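Here's work.txt, which has compact mmCIF, C-alpha atoms:
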# COMPACT_ATOMS: atom_id res chain seq x y z
CA MET S 1 0.00 0.00 0.00
CA LYS S 2 2.88 2.32 0.88
CA ASN S 3 4.52 1.69 -2.51
CA ILE S 4 1.29 2.39 -4.37
CA LEU S 5 0.89 5.68 -2.50
CA THR S 6 4.50 6.61 -3.29
CA TYR S 7 4.06 5.94 -7.01
CA CYS S 8 0.88 7.99 -7.16
CA ILE S 9 2.54 10.91 -5.33
CA VAL S 10 5.39 10.78 -7.85
CA ALA S 11 2.84 10.69 -10.67
CA ILE S 12 1.07 13.76 -9.32
CA PHE S 13 4.39 15.59 -9.02
CA LEU S 14 5.25 14.74 -12.61
CA PHE S 15 1.84 15.92 -13.75
CA VAL S 16 2.20 19.28 -11.97
CA ALA S 17 5.75 19.75 -13.22
CA GLY S 18 4.79 18.82 -16.75
CA SER S 19 1.76 21.10 -16.70
CA THR S 20 3.89 24.03 -15.54
CA TYR S 21 6.15 23.93 -18.58
CA ALA S 22 3.83 22.33 -21.14
CA GLN S 23 2.76 24.14 -24.22
CA THR S 24 -0.87 25.20 -24.52
CA ASN S 25 -3.07 22.35 -25.69
CA PRO S 26 -3.78 22.44 -29.44
CA THR S 27 -7.17 23.69 -30.58
CA ASN S 28 -7.52 20.81 -33.04
CA VAL S 29 -5.81 17.66 -34.29
CA GLN S 30 -6.08 15.86 -37.63
CA ILE S 31 -7.57 12.35 -37.50
CA ASP S 32 -8.19 10.56 -40.81
CA GLY S 33 -7.80 13.85 -42.64
CA LYS S 34 -10.46 15.59 -40.57
CA ALA S 35 -9.93 18.28 -37.97
CA HIS S 36 -11.09 17.20 -34.51
CA TYR S 37 -11.54 20.26 -32.29
CA GLN S 38 -11.11 20.39 -28.55
CA HIS S 39 -14.56 20.28 -26.99
CA GLY S 40 -15.79 23.83 -26.46
CA TYR S 41 -14.55 25.04 -29.84
CA ASN S 42 -16.27 25.05 -33.20
CA SER S 43 -14.65 24.70 -36.62
CA SER S 44 -13.86 28.42 -36.73
CA GLY S 45 -11.53 27.88 -33.77
CA GLY S 46 -13.57 29.93 -31.36
CA PRO S 47 -15.59 28.84 -28.31
CA ASP S 48 -18.97 27.37 -29.18
CA LEU S 49 -22.17 29.27 -28.74
CA PRO S 50 -24.17 28.24 -25.67
CA GLN S 51 -26.52 26.07 -27.74
CA GLU S 52 -23.49 24.21 -29.14
CA GLU S 53 -21.95 23.18 -25.85
CA ARG S 54 -22.93 19.59 -26.63
CA ASP S 55 -21.29 17.51 -29.32
CA SER S 56 -24.08 17.00 -31.87
CA VAL S 57 -24.19 13.81 -33.97
CA THR S 58 -26.77 12.14 -36.17
CA VAL S 59 -28.44 8.87 -35.21
CA THR S 60 -26.68 5.70 -36.48
CA SER S 61 -23.43 7.59 -37.11
CA THR S 62 -19.99 6.34 -36.14
CA MET S 63 -17.79 9.16 -34.90
CA LYS S 64 -14.15 9.18 -33.83
CA TYR S 65 -12.98 10.88 -30.65
CA PHE S 66 -9.48 11.87 -29.52
CA VAL S 67 -8.34 12.55 -25.97
CA LEU S 68 -5.09 14.38 -25.32
CA PRO S 69 -2.66 12.06 -23.49
CA ASP S 70 -1.02 13.35 -20.32
CA ARG S 71 2.39 14.76 -21.27
CA ALA S 72 4.01 13.64 -18.01
CA PHE S 73 3.21 9.97 -18.64
CA ASN S 74 3.47 9.95 -22.45
CA SER S 75 6.53 12.08 -23.14
CA ASN S 76 7.41 10.17 -26.35
CA PHE S 77 4.11 11.32 -27.86
CA TYR S 78 5.40 14.92 -27.87
CA ASP S 79 8.47 16.68 -29.22
CA GLY S 80 10.88 18.77 -27.15
CA SER S 81 8.55 21.78 -27.32
CA GLY S 82 5.55 19.81 -26.09
CA ASN S 83 3.88 19.54 -29.51
CA ILE S 84 2.22 16.33 -30.69
CA ILE S 85 4.50 14.42 -33.06
CA ASP S 86 1.83 12.26 -34.68
CA PRO S 87 -1.72 12.32 -33.27
CA VAL S 88 -2.55 8.78 -34.42
CA ASP S 89 0.71 7.05 -33.36
CA VAL S 90 -0.35 4.73 -30.53
CA THR S 91 3.15 3.23 -30.26
CA LYS S 92 4.36 6.34 -28.40
CA LEU S 93 1.84 5.92 -25.59
CA THR S 94 2.48 4.38 -22.20
CA SER S 95 -1.02 5.06 -20.88
CA THR S 96 -4.15 3.12 -21.71
CA PHE S 97 -7.61 4.69 -21.91
CA GLU S 98 -11.06 3.52 -20.90
CA TRP S 99 -13.89 4.82 -23.10
CA SER S 100 -17.61 4.47 -22.38
CA VAL S 101 -21.02 5.98 -23.01
CA LYS S 102 -23.04 6.57 -19.85
CA THR S 103 -26.07 4.79 -21.32
CA PRO S 104 -24.93 1.84 -23.47
CA ALA S 105 -28.23 1.81 -25.38
CA VAL S 106 -27.46 5.31 -26.65
CA GLY S 107 -23.96 4.59 -27.97
CA THR S 108 -21.27 1.91 -27.96
CA THR S 109 -17.51 2.30 -28.21
CA ASP S 110 -15.27 0.17 -30.40
CA GLY S 111 -13.43 -1.23 -27.39
CA SER S 112 -10.31 0.85 -28.01
CA THR S 113 -7.87 1.23 -25.12
CA THR S 114 -5.89 3.97 -26.87
CA HIS S 115 -6.42 7.73 -27.00
CA ILE S 116 -8.68 7.38 -30.06
CA SER S 117 -12.04 5.63 -30.01
CA ALA S 118 -14.88 5.26 -32.51
CA VAL S 119 -18.38 5.47 -31.07
CA THR S 120 -21.44 4.19 -32.89
CA TRP S 121 -24.52 6.09 -31.85
CA GLY S 122 -27.95 4.48 -31.66
CA ALA S 123 -31.02 4.85 -33.84
CA ASN S 124 -33.03 7.00 -31.43
CA PRO S 125 -32.49 10.68 -30.56
CA ALA S 126 -31.09 11.19 -27.05
CA ILE S 127 -28.77 13.27 -24.90
CA ASP S 128 -26.05 11.36 -23.11
CA THR S 129 -22.44 11.53 -21.92
CA LEU S 130 -19.19 10.29 -23.44
CA ILE S 131 -16.61 9.38 -20.81
CA VAL S 132 -12.89 8.64 -21.05
CA ARG S 133 -10.41 7.90 -18.28
CA GLU S 134 -6.62 7.76 -18.69
CA LYS S 135 -4.82 4.89 -16.97
CA PRO S 136 -1.10 5.64 -16.89
CA THR S 137 1.40 3.19 -15.45
CA SER S 138 4.24 4.27 -13.22
CA GLY S 139 6.56 1.57 -11.94
CA GLY S 140 3.95 -1.06 -12.70
CA THR S 141 1.27 0.77 -10.74
CA VAL S 142 -1.87 2.13 -12.40
CA CYS S 143 -2.83 5.63 -11.22
CA GLU S 144 -6.14 6.35 -12.91
CA GLY S 145 -6.91 9.92 -13.82
CA THR S 146 -10.16 11.77 -13.22
CA PRO S 147 -12.47 10.97 -16.14
CA THR S 148 -13.18 13.58 -18.80
CA LYS S 149 -16.82 13.84 -19.81
CA ILE S 150 -18.63 15.64 -22.61
CA PRO S 151 -22.37 15.82 -23.30
CA VAL S 152 -23.50 14.42 -26.66
CA ALA S 153 -26.79 15.14 -28.42
CA VAL S 154 -27.87 12.34 -30.76
CA ILE S 155 -30.13 14.00 -33.31
CA ALA S 156 -32.64 12.61 -35.81
CA LYS S 157 -31.84 12.52 -39.51
CA PRO S 158 -33.17 15.45 -41.56
CA VAL S 159 -36.30 14.70 -43.61
CA ILE S 160 -37.58 16.39 -46.78
CA GLY S 161 -40.32 16.20 -49.41
CA PHE S 162 -42.10 18.49 -51.87
CA ASP S 163 -45.25 20.29 -50.80
CA GLN S 164 -48.26 19.34 -52.90
CA VAL S 165 -49.88 21.79 -55.28
CA SER S 166 -53.60 21.18 -55.97
CA SER S 167 -53.18 17.64 -54.61
CA GLN S 168 -50.64 16.89 -57.33
CA TYR S 169 -46.88 17.20 -57.40
CA SER S 170 -47.06 19.29 -60.56
CA PHE S 171 -47.81 22.78 -61.73
CA THR S 172 -48.47 24.32 -65.11
CA GLN S 173 -47.56 27.92 -65.79
CA CYS S 174 -48.19 29.99 -68.89
CA VAL S 175 -45.55 32.68 -69.37
CA PRO S 176 -45.17 34.78 -72.53
CA GLY S 177 -41.85 35.73 -74.09
CA VAL S 178 -39.53 33.34 -72.25
CA THR S 179 -35.93 33.61 -73.49
CA SER S 180 -32.42 33.34 -72.09
CA SER S 181 -32.60 37.04 -71.23
CA ASN S 182 -36.17 36.90 -69.98
CA LYS S 183 -36.38 33.77 -67.86
CA ALA S 184 -39.40 32.33 -66.11
CA SER S 185 -39.01 31.34 -62.47
CA TYR S 186 -40.84 29.02 -60.11
CA THR S 187 -40.61 28.58 -56.35
CA PHE S 188 -40.49 24.95 -55.26
CA ASP S 189 -41.87 24.62 -51.72
CA VAL S 190 -40.59 21.79 -49.55
CA THR S 191 -41.48 20.38 -46.16
CA ALA S 192 -38.45 19.48 -44.08
CA THR S 193 -37.59 18.65 -40.51
CA SER S 194 -34.08 19.34 -39.31
CA SER S 195 -32.11 20.39 -36.25
CA SER S 196 -30.72 23.23 -38.39
CA SER S 197 -32.53 26.10 -40.02
CA GLN S 198 -30.37 25.74 -43.14
CA VAL S 199 -30.33 22.51 -45.17
CA ILE S 200 -28.66 21.49 -48.42
CA VAL S 201 -30.98 19.80 -50.90
CA GLY S 202 -29.65 17.66 -53.73
CA TYR S 203 -31.87 17.33 -56.79
CA THR S 204 -31.83 16.48 -60.48
CA LEU S 205 -33.43 18.46 -63.29
CA SER S 206 -34.51 17.07 -66.64
CA LYS S 207 -36.50 18.53 -69.55
CA ASP S 208 -39.04 16.67 -71.68
CA GLY S 209 -37.83 13.26 -70.49
CA GLY S 210 -34.18 13.96 -71.30
CA ALA S 211 -31.07 13.34 -69.24
CA ALA S 212 -31.14 14.44 -65.60
CA THR S 213 -28.49 16.87 -64.37
CA PRO S 214 -27.63 17.01 -60.65
CA TYR S 215 -27.69 20.25 -58.67
CA THR S 216 -27.80 21.43 -55.06
CA ALA S 217 -29.74 24.21 -53.39
CA SER S 218 -29.37 25.82 -49.99
CA VAL S 219 -32.79 26.02 -48.32
CA ASN S 220 -33.53 28.28 -45.37
CA MET S 221 -36.26 26.49 -43.43
CA ALA S 222 -36.68 29.51 -41.14
CA ALA S 223 -37.74 31.54 -44.19
CA GLY S 224 -40.44 29.08 -45.29
CA GLY S 225 -38.53 26.26 -46.92
CA SER S 226 -38.26 26.74 -50.67
CA PHE S 227 -35.84 27.13 -53.55
CA VAL S 228 -36.25 29.01 -56.82
CA LEU S 229 -35.31 27.75 -60.28
CA GLU S 230 -35.19 29.76 -63.49
CA PHE S 231 -36.07 28.50 -66.97
CA GLU S 232 -35.15 29.96 -70.35
CA ASP S 233 -37.12 27.61 -72.58
CA TYR S 234 -40.57 26.05 -72.71
CA GLY S 235 -41.08 22.41 -71.80
CA ALA S 236 -41.93 19.91 -69.09
CA TYR S 237 -39.29 19.99 -66.34
CA THR S 238 -38.98 17.18 -63.82
CA VAL S 239 -37.30 17.95 -60.51
CA VAL S 240 -36.36 14.96 -58.34
CA ILE S 241 -35.05 15.39 -54.79
CA THR S 242 -32.09 13.05 -54.29
CA SER S 243 -30.70 14.06 -50.88
CA ILE S 244 -30.93 16.31 -47.87
CA THR S 245 -28.24 17.15 -45.35
CA ASP S 246 -27.91 19.58 -42.49
CA ARG S 247 -24.79 20.66 -40.65
CA VAL S 248 -25.01 17.78 -38.16
CA SER S 249 -25.68 15.04 -40.72
CA ARG S 250 -22.87 16.33 -42.97
CA LYS S 251 -20.47 16.22 -40.03
CA SER S 252 -21.74 12.72 -39.22
CA SER S 253 -21.64 11.49 -42.85
CA VAL S 254 -25.23 10.27 -42.58
CA ALA S 255 -27.76 10.70 -45.39
CA GLY S 256 -31.10 12.31 -44.66
CA VAL S 257 -34.53 10.84 -45.39
CA ILE S 258 -36.64 11.68 -48.44
CA THR S 259 -40.38 11.43 -47.89
CA SER S 260 -41.73 8.51 -49.89
CA GLY S 261 -43.85 9.61 -52.85
CA ALA S 262 -42.97 13.27 -52.38
CA ASN S 263 -39.58 13.41 -54.08
CA GLN S 264 -40.67 14.33 -57.65
CA PHE S 265 -42.27 17.47 -59.02
CA VAL S 266 -43.17 18.30 -62.64
CA TYR S 267 -43.18 21.92 -63.75
CA ASN S 268 -44.82 22.57 -67.11
CA LEU S 269 -43.78 25.84 -68.69
CA ILE S 270 -46.09 26.64 -71.59
CA LYS S 271 -46.04 29.41 -74.12
CA PRO S 272 -49.43 31.16 -74.17
CA ALA S 273 -51.32 31.06 -77.43
CA GLN S 274 -51.00 34.26 -79.45
CA THR S 275 -54.48 35.11 -80.60
CA GLY S 276 -54.48 36.08 -84.27
CA PRO S 277 -56.35 38.93 -85.98
CA ILE S 278 -60.11 38.75 -86.50
CA TYR S 279 -61.39 38.39 -90.05
CA HIS S 280 -64.80 39.50 -91.24
CA ILE S 281 -66.62 40.55 -94.40
CA PRO S 282 -65.31 44.00 -95.16
CA ASN S 283 -67.57 46.93 -95.35
CA LEU S 284 -68.70 47.59 -98.92
CA ASN S 285 -67.57 50.65 -100.74
CA PRO S 286 -70.29 53.22 -101.29

Re-express the file's structure as structure tokens.
Amino acid sequence: MKNILTYCIVAIFLFVAGSTYAQTNPTNVQIDGKAHYQHGYNSSGGPDLPQEERDSVTVTSTMKYFVLPDRAFNSNFYDGSGNIIDPVDVTKLTSTFEWSVKTPAVGTTDGSTTHISAVTWGANPAIDTLIVREKPTSGGTVCEGTPTKIPVAVIAKPVIGFDQVSSQYSFTQCVPGVTSSNKASYTFDVTATSSSSQVIVGYTLSKDGGAATPYTASVNMAAGGSFVLEFEDYGAYTVVITSITDRVSRKSSVAGVITSGANQFVYNLIKPAQTGPIYHIPNLNP
């Protein structure tokens, strides 16, 4: 017991000494080509807004997490200035790490005992806690650190579909004089549910049964949920929604849901008939 106490006192001394001279912790590290930011910062490098204090992920996503190893116990992980040499090099670690989700039904870890763990989040929205504890060894004795915890919001996938017009997903519009310099326009209304006010909609556009060309549109759901397309020629245009993402689902690499039967809309742009002159029997000369 005395030896264990001695080792832990030495460990605490090393931690304090290392913290005194250590360089400031990095704001982000690169894992698999993606920047992972220290919790409390967003991708702009600044502290999160109050409503973003949780890590937000989409249901069914698998997300990687990185915890900064203690410099005092993992000196080989850092260079002489205290900077990380390689954030994914587990061979430079002497500590092990214990990862868990407070409620296992909400998320499960991949069983990693290193400083990086992949967590697969469940199919139902929830708010839970991700926990990691460092277990350094000093002289064969394990002196566990205080666990680090972050709140995680597991959010539903975004959903989208066209609004109906006259009970049909189609609309016919008669517009005179449509040309490349005098285009017709139509506002396509959509119904979407998302944790974000701004969503990105993927769609294809084809004319008169021809080849479909893919496009994207940014849709502000707070402003009513619609996007506008312009047309410079007459014809029957078919718009098919192919995807929806919001900022959380894009981060989580999870596709949104397209409402069944509400993904296609036909816009018929017709040239109005030009009524010709009236003919009649002319008045007779006197």

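One distance worth recording is that between atom CA of S:Gln264 and atom CA of S:Ser170, which is 8.6 Å.
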
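Proximity to S:Gly225 was assessed for S:Tyr237, S:Phe162, S:Phe73, S:Phe97 counting all atoms listed in the file; the smallest distance is recorded for S:Phe162.
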
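In terms of minimum interatomic distance to S:Ser180, S:Asp233 ranks closest within S:Glu144, S:Asp246, S:Asp208, S:Asp233, counting all atoms listed in the file.
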
Residue neighbourhood stretch 255-260 of chain S, 6 Å, only C-alpha atoms, exclusion window fewer than 6 positions, as a tab-separated table (two decimals) with C-alpha atoms, in the frame of the given file:
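Once everything was written out, this is selection.tsv:
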chain	number	residue	atom	x	y	z
S	157	LYS	CA	-31.84	12.52	-39.51
S	158	PRO	CA	-33.17	15.45	-41.56
S	159	VAL	CA	-36.30	14.70	-43.61
S	160	ILE	CA	-37.58	16.39	-46.78
S	161	GLY	CA	-40.32	16.20	-49.41
S	244	ILE	CA	-30.93	16.31	-47.87
S	245	THR	CA	-28.24	17.15	-45.35

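Closest approach to S:Thr103 from the set S:Asp128, S:Asp89, S:Glu230, S:Glu134 is made by S:Asp128, with distances taken over all atoms listed in the file.
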
Exercise for the section: For S:Thr146, list every protein, DNA or RNA residue within 10 Å, evaluated using only C-alpha atoms, and leave out those in the same chain fewer than 3 positions away; present the list as a PyMOL selection string. Expected result: chain S and resi 132-135+143+149

Exercise for the section: With all atoms listed in the file counted, which protein, DNA or RNA residues have an atom no more than 12 Å from (-13.6, 22.3, -25.8) in the file frame? Please answer as a PyMOL selection string. Expected result: chain S and resi 25-28+36-43+45-49+52-55+66-68+148-151

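Around the coordinate (-39.7, 20.6, -49.8), residues that reach within 9 Å when counting all atoms listed in the file are Ile160, Gly161, Phe162, Asp163, Phe188, Asp189, Val190, Thr191, Ala192, Val201, Val219, Gly225, Ser226, Phe227, Ile241, Ala262 and Asn263 of chain S.
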
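The residue set within 12 Å of S:Gly210, counting only C-alpha atoms and dropping same-chain residues fewer than 5 places from it, reads Thr204, Leu205, Gly235, Ala236, Tyr237, Thr238 and Val239 of chain S.
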
Those same residues - C-alpha atoms - I'd like them written as a PDB file, in the coordinates of the input.
ATOM      1  CA  THR S 204     -31.830  16.480 -60.480  1.00  0.00           C
ATOM      2  CA  LEU S 205     -33.430  18.460 -63.290  1.00  0.00           C
ATOM      3  CA  GLY S 235     -41.080  22.410 -71.800  1.00  0.00           C
ATOM      4  CA  ALA S 236     -41.930  19.910 -69.090  1.00  0.00           C
ATOM      5  CA  TYR S 237     -39.290  19.990 -66.340  1.00  0.00           C
ATOM      6  CA  THR S 238     -38.980  17.180 -63.820  1.00  0.00           C
ATOM      7  CA  VAL S 239     -37.300  17.950 -60.510  1.00  0.00           C
TER       8      VAL S 239
END

Completion exercise
Correct to one decimal, the distance atom CA of S:Thr120-atom CA of S:Phe77 is 27.0 Å

Practice task
Quote the spacing between atom CA of S:Asp110 and atom CA of S:Leu93 in Å to one decimal place.
Solution key: 18.7 Å

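The shortest atom-to-atom distance to S:Lys34, with all atoms listed in the file taken into account, belongs to S:Ser252 out of S:Ser252, S:Asn182, S:Thr242, S:Ser75.
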
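Residues in contact range of S:Ser181, defined as at most 12 Å between all atoms listed in the file, with sequence neighbours fewer than 3 positions away removed, read S:Gly177, S:Val178, S:Ala184, S:Glu230, S:Phe231, S:Glu232, S:Asp233.
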
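With only C-alpha atoms as the basis for measurement, S:Leu229 is the residue among S:Ile200, S:Ala35, S:Leu229, S:Ala118 that approaches S:Thr187 most closely.
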
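Using only C-alpha atoms, the shortest contact distance between S:Met63 and any of S:Thr109, S:Ser95, S:Asn283, S:Ser243 is found at S:Thr109.
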